[in-house]
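Peer 1: Let me begin by handing over the structure; questions about it come next.
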Amino acid sequence: MIQVVQRAAGRPVSRETFGRIQWYVERLGAENSRQNLVSAATLNAVWSRHIIDSAQLVRFEPNSGSTWVDIGSGGGLPGIIIACLVEGPVTLVEPRPLRARFLADTVQALGLNATVVQSKAEGVSGKFDVITGRAVAPMPRFLSMCDHLSTRKTHWVLPKGRSAQSELEDAQRSWQGVFHVEQSITDPEAMIVIGTGVRAMTR
């Protein structure tokens, strides 16, 4: 499985890093019985549905050491996996207290270069090199929620499943930038929207 993670992330993965991911997978399953972090039906395929699906986003990191923010981290997908795989700091944004506590405990236990912020996206400050979020909001709404966290150089890495193309078309009615769509390696019908130079159109 370590080779699968390496191929997905597009970079070497040490045994120590892979061990962290394995520990997180076990903890995610245990915690899911206490709070609904992921659909229970997906736990039997947790590696493909969640871990590899998250790891593939790392391929789109613009530079080593980039700062990441994961909006609506939930149970840590993709944020915890990204934090295991990248060198730069990762900020995990989650408004729900129980989930934020789980994330903070996980970050501490794994010794990750990550910070947990219990807040909605609108309440977060700072600027980031990469903004991501999984199943948070339709793309036009997501861009609006997170615009204050971006610069013209920020890379938006947005897993959008099968709705990617339609969401991108909706977003381009009010947002401009350079966008392209990448194929997900975990679902032949799913896509990832990559955006740079994103800004709201002036009216």
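We name chains A, B, ... following the order of the structure tokens; residues begin at 1 in each chain, and ligands are numbered from 1 as shown.
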Looking only at the backbone, which of the residues in stretch 25-163 of chain A does DSSP tag as helix (DSSP H, G or I), as a VMD selection string?

Peer 2: chain A and resid 25 to 32 40 to 60 79 to 85 97 to 110 121 to 123 139 to 149

Peer 1: Find the spatial neighbours of stretch 185-192 of chain A, counting only C-alpha atoms, within a cut-off of 12 Å - ignore same-chain residues fewer than 6 positions away - and output them as JSON, numbers by chain.

Peer 2: {"A": [4, 5, 7, 8, 9, 10, 45, 46, 47, 48, 49, 50, 51, 52, 53, 54, 55, 56, 57, 58, 59, 60, 132, 133, 134, 135, 139, 156, 157, 158, 159, 160, 161, 162, 163, 164, 165, 166, 167, 168, 179]}

Peer 1: Write out the residues from the selection above, keeping C-alpha atoms, as a PDB file, in the first residue's frame.

Peer 2:
```
ATOM      1  CA  VAL A   4       0.054   3.199  -3.908  1.00  0.00           C
ATOM      2  CA  VAL A   5       0.280   6.216  -1.613  1.00  0.00           C
ATOM      3  CA  ARG A   7       2.076   7.050  -6.727  1.00  0.00           C
ATOM      4  CA  ALA A   8      -0.975   9.032  -5.647  1.00  0.00           C
ATOM      5  CA  ALA A   9       1.062  11.756  -3.937  1.00  0.00           C
ATOM      6  CA  GLY A  10       3.731  11.853  -6.632  1.00  0.00           C
ATOM      7  CA  ALA A  45     -12.764   0.874   1.361  1.00  0.00           C
ATOM      8  CA  VAL A  46     -11.143   3.560   3.502  1.00  0.00           C
ATOM      9  CA  TRP A  47      -7.823   3.499   1.649  1.00  0.00           C
ATOM     10  CA  SER A  48      -9.255   4.156  -1.807  1.00  0.00           C
ATOM     11  CA  ARG A  49     -12.259   6.258  -0.800  1.00  0.00           C
ATOM     12  CA  HIS A  50     -10.483   8.511   1.664  1.00  0.00           C
ATOM     13  CA  ILE A  51      -6.703   8.075   2.029  1.00  0.00           C
ATOM     14  CA  ILE A  52      -5.623   7.792  -1.605  1.00  0.00           C
ATOM     15  CA  ASP A  53      -8.336  10.252  -2.612  1.00  0.00           C
ATOM     16  CA  SER A  54      -6.755  12.766  -0.213  1.00  0.00           C
ATOM     17  CA  ALA A  55      -3.121  11.917  -0.988  1.00  0.00           C
ATOM     18  CA  GLN A  56      -3.545  12.642  -4.696  1.00  0.00           C
ATOM     19  CA  LEU A  57      -4.137  16.335  -3.946  1.00  0.00           C
ATOM     20  CA  VAL A  58      -0.496  16.676  -2.857  1.00  0.00           C
ATOM     21  CA  ARG A  59       0.569  16.259  -6.503  1.00  0.00           C
ATOM     22  CA  PHE A  60      -0.700  19.772  -7.163  1.00  0.00           C
ATOM     23  CA  THR A 132      -8.481  22.933  -0.504  1.00  0.00           C
ATOM     24  CA  GLY A 133     -11.720  21.518   0.861  1.00  0.00           C
ATOM     25  CA  ARG A 134     -13.635  18.307   0.332  1.00  0.00           C
ATOM     26  CA  ALA A 135     -17.439  18.250   0.063  1.00  0.00           C
ATOM     27  CA  MET A 139     -17.605  25.936  -6.029  1.00  0.00           C
ATOM     28  CA  TRP A 156      -6.987  26.225  -5.378  1.00  0.00           C
ATOM     29  CA  VAL A 157      -7.059  22.412  -5.330  1.00  0.00           C
ATOM     30  CA  LEU A 158     -10.691  21.381  -5.200  1.00  0.00           C
ATOM     31  CA  PRO A 159     -11.857  17.755  -5.400  1.00  0.00           C
ATOM     32  CA  LYS A 160     -15.288  18.073  -6.943  1.00  0.00           C
ATOM     33  CA  GLY A 161     -16.329  14.571  -7.867  1.00  0.00           C
ATOM     34  CA  ARG A 162     -18.627  14.168 -10.813  1.00  0.00           C
ATOM     35  CA  SER A 163     -19.992  17.707 -10.581  1.00  0.00           C
ATOM     36  CA  ALA A 164     -16.636  19.354 -11.320  1.00  0.00           C
ATOM     37  CA  GLN A 165     -17.377  20.626 -14.802  1.00  0.00           C
ATOM     38  CA  SER A 166     -20.816  22.024 -13.998  1.00  0.00           C
ATOM     39  CA  GLU A 167     -19.562  23.657 -10.776  1.00  0.00           C
ATOM     40  CA  LEU A 168     -16.653  25.221 -12.648  1.00  0.00           C
ATOM     41  CA  PHE A 179      -8.732  26.888 -14.270  1.00  0.00           C
TER      42      PHE A 179
END
```

Peer 1: Which residues are close to A:Val107, i.e. within 12 Å by only C-alpha atoms, leaving aside same-chain residues fewer than 2 positions away? Reply as a PyMOL selection string.

Peer 2: chain A and resi 20-21+23-24+27+75-76+79-84+89-92+100-105+109-117

Peer 1: Tell me which of A:Ile71, A:Ser66, A:Leu143, A:Glu87 sits closest to A:Asp129, counting only C-alpha atoms.

Peer 2: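 Of the candidates, the smallest distance to A:Asp129 is held by A:Ser66.
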
Peer 1: With only C-alpha atoms as the atoms that count, which of A:Asn32, A:Gln176, A:Thr67, A:Ser73 lies nearest to A:Val136?

Peer 2: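 Selected residue with least distance to A:Val136: A:Ser73.
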
Peer 1: Give me, please, the distance in Å between atom CA of A:Arg152 and atom CA of A:Thr196, quoted to one decimal.

Peer 2: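 Atom-to-atom, atom CA of A:Arg152 to atom CA of A:Thr196, that is 6.9 Å.
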
Peer 1: Have a look at atom CA of A:Val86 and atom CA of A:Ala171 and let me know their distance in Å, one decimal.

Peer 2: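 Between atom CA of A:Val86 and atom CA of A:Ala171 the gap is 28.6 Å.
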
Peer 1: Which is closer to A:Leu28 than all the others in A:Gly197, A:Pro138, A:Gly74, A:Pro95, using only C-alpha atoms?

Peer 2: A:Gly74

Peer 1: Using only C-alpha atoms, determine which residues lie at most 10 Å from A:Ile2, disregarding the query and same-chain residues fewer than 4 positions distant; provide the list as a short mmCIF file (atom, residue, chain, number, x, y, z; two decimals) with C-alpha atoms, in the first residue's frame.

Peer 2:
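What ended up in selection_27.cif:
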```cif
data_model
loop_
_atom_site.label_atom_id
_atom_site.label_comp_id
_atom_site.auth_asym_id
_atom_site.auth_seq_id
_atom_site.Cartn_x
_atom_site.Cartn_y
_atom_site.Cartn_z
CA GLN A 6 3.57 7.25 -3.25
CA ARG A 7 2.08 7.05 -6.73
CA ALA A 8 -0.98 9.03 -5.65
CA PRO A 12 8.45 9.32 -1.87
CA VAL A 13 6.72 8.23 1.34
CA SER A 14 8.89 7.04 4.23
CA ARG A 15 7.91 4.09 6.38
CA THR A 17 5.11 8.64 7.33
CA PHE A 18 3.19 5.59 6.19
CA GLY A 19 3.04 4.42 9.80
CA ILE A 21 -1.19 7.26 8.05
CA GLN A 22 -1.90 3.71 9.22
#
```

Peer 1: How many Å lie between atom CA of A:Asn63 and atom CA of A:Ile194, rounded to one decimal?

Peer 2: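 These atoms are spaced 14.8 Å apart.
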
Peer 1: Mind checking DSSP for stretch 18-166 of chain A and telling me the strand (DSSP E or B) residues as a list in words?

Peer 2: Trp68, Val69, Asp70, Ile71, Val90, Thr91, Leu92, Val93, Ala114, Thr115, Val116, Val117, Val130, Ile131, Thr132, Gly133, His155, Trp156, Val157, Leu158, Pro159, Lys160 and Gly161 of chain A

Peer 1: Would you output that residue set with N, CA and C atoms, as a tab-separated table (two decimals), in the first residue's frame?

Peer 2:
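Writing done, so here's part36.tsv:
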```
chain	number	residue	atom	x	y	z
A	68	TRP	N	-0.66	25.30	3.41
A	68	TRP	CA	-1.96	24.75	3.00
A	68	TRP	C	-3.02	25.14	4.02
A	69	VAL	N	-4.25	25.33	3.55
A	69	VAL	CA	-5.41	25.41	4.44
A	69	VAL	C	-6.48	24.47	3.89
A	70	ASP	N	-7.00	23.64	4.79
A	70	ASP	CA	-8.06	22.70	4.45
A	70	ASP	C	-9.34	23.17	5.13
A	71	ILE	N	-10.31	23.58	4.35
A	71	ILE	CA	-11.55	24.14	4.87
A	71	ILE	C	-12.56	23.00	5.11
A	90	VAL	N	0.22	23.11	7.65
A	90	VAL	CA	-1.15	22.89	7.19
A	90	VAL	C	-2.11	23.40	8.27
A	91	THR	N	-3.08	24.20	7.87
A	91	THR	CA	-4.10	24.67	8.79
A	91	THR	C	-5.40	23.93	8.51
A	92	LEU	N	-5.95	23.31	9.54
A	92	LEU	CA	-7.19	22.55	9.43
A	92	LEU	C	-8.31	23.38	10.03
A	93	VAL	N	-9.31	23.71	9.25
A	93	VAL	CA	-10.40	24.57	9.69
A	93	VAL	C	-11.67	23.74	9.83
A	114	ALA	N	0.98	21.08	11.81
A	114	ALA	CA	-0.39	21.48	11.48
A	114	ALA	C	-1.02	22.21	12.66
A	115	THR	N	-2.00	23.05	12.35
A	115	THR	CA	-2.74	23.82	13.34
A	115	THR	C	-4.23	23.61	13.09
A	116	VAL	N	-4.99	23.44	14.15
A	116	VAL	CA	-6.43	23.29	14.03
A	116	VAL	C	-7.10	24.59	14.46
A	117	VAL	N	-7.97	25.11	13.62
A	117	VAL	CA	-8.72	26.32	13.94
A	117	VAL	C	-10.20	25.95	13.98
A	130	VAL	N	-1.93	27.25	-0.84
A	130	VAL	CA	-2.87	26.26	-1.38
A	130	VAL	C	-4.12	26.25	-0.51
A	131	ILE	N	-5.27	26.30	-1.16
A	131	ILE	CA	-6.55	26.18	-0.47
A	131	ILE	C	-7.27	24.95	-1.01
A	132	THR	N	-7.73	24.11	-0.10
A	132	THR	CA	-8.48	22.93	-0.50
A	132	THR	C	-9.67	22.73	0.43
A	133	GLY	N	-10.55	21.85	0.05
A	133	GLY	CA	-11.72	21.52	0.86
A	133	GLY	C	-12.50	20.43	0.15
A	155	HIS	N	-2.91	28.59	-5.15
A	155	HIS	CA	-3.45	27.46	-5.92
A	155	HIS	C	-4.68	26.91	-5.20
A	156	TRP	N	-5.77	26.84	-5.89
A	156	TRP	CA	-6.99	26.22	-5.38
A	156	TRP	C	-7.02	24.78	-5.88
A	157	VAL	N	-7.06	23.84	-4.97
A	157	VAL	CA	-7.06	22.41	-5.33
A	157	VAL	C	-8.34	21.82	-4.77
A	158	LEU	N	-9.34	21.66	-5.65
A	158	LEU	CA	-10.69	21.38	-5.20
A	158	LEU	C	-11.23	20.07	-5.77
A	159	PRO	N	-11.24	19.00	-4.95
A	159	PRO	CA	-11.86	17.76	-5.40
A	159	PRO	C	-13.36	17.96	-5.51
A	160	LYS	N	-13.89	17.75	-6.71
A	160	LYS	CA	-15.29	18.07	-6.94
A	160	LYS	C	-16.11	16.90	-7.46
A	161	GLY	N	-15.54	15.72	-7.45
A	161	GLY	CA	-16.33	14.57	-7.87
A	161	GLY	C	-16.85	14.70	-9.28
```
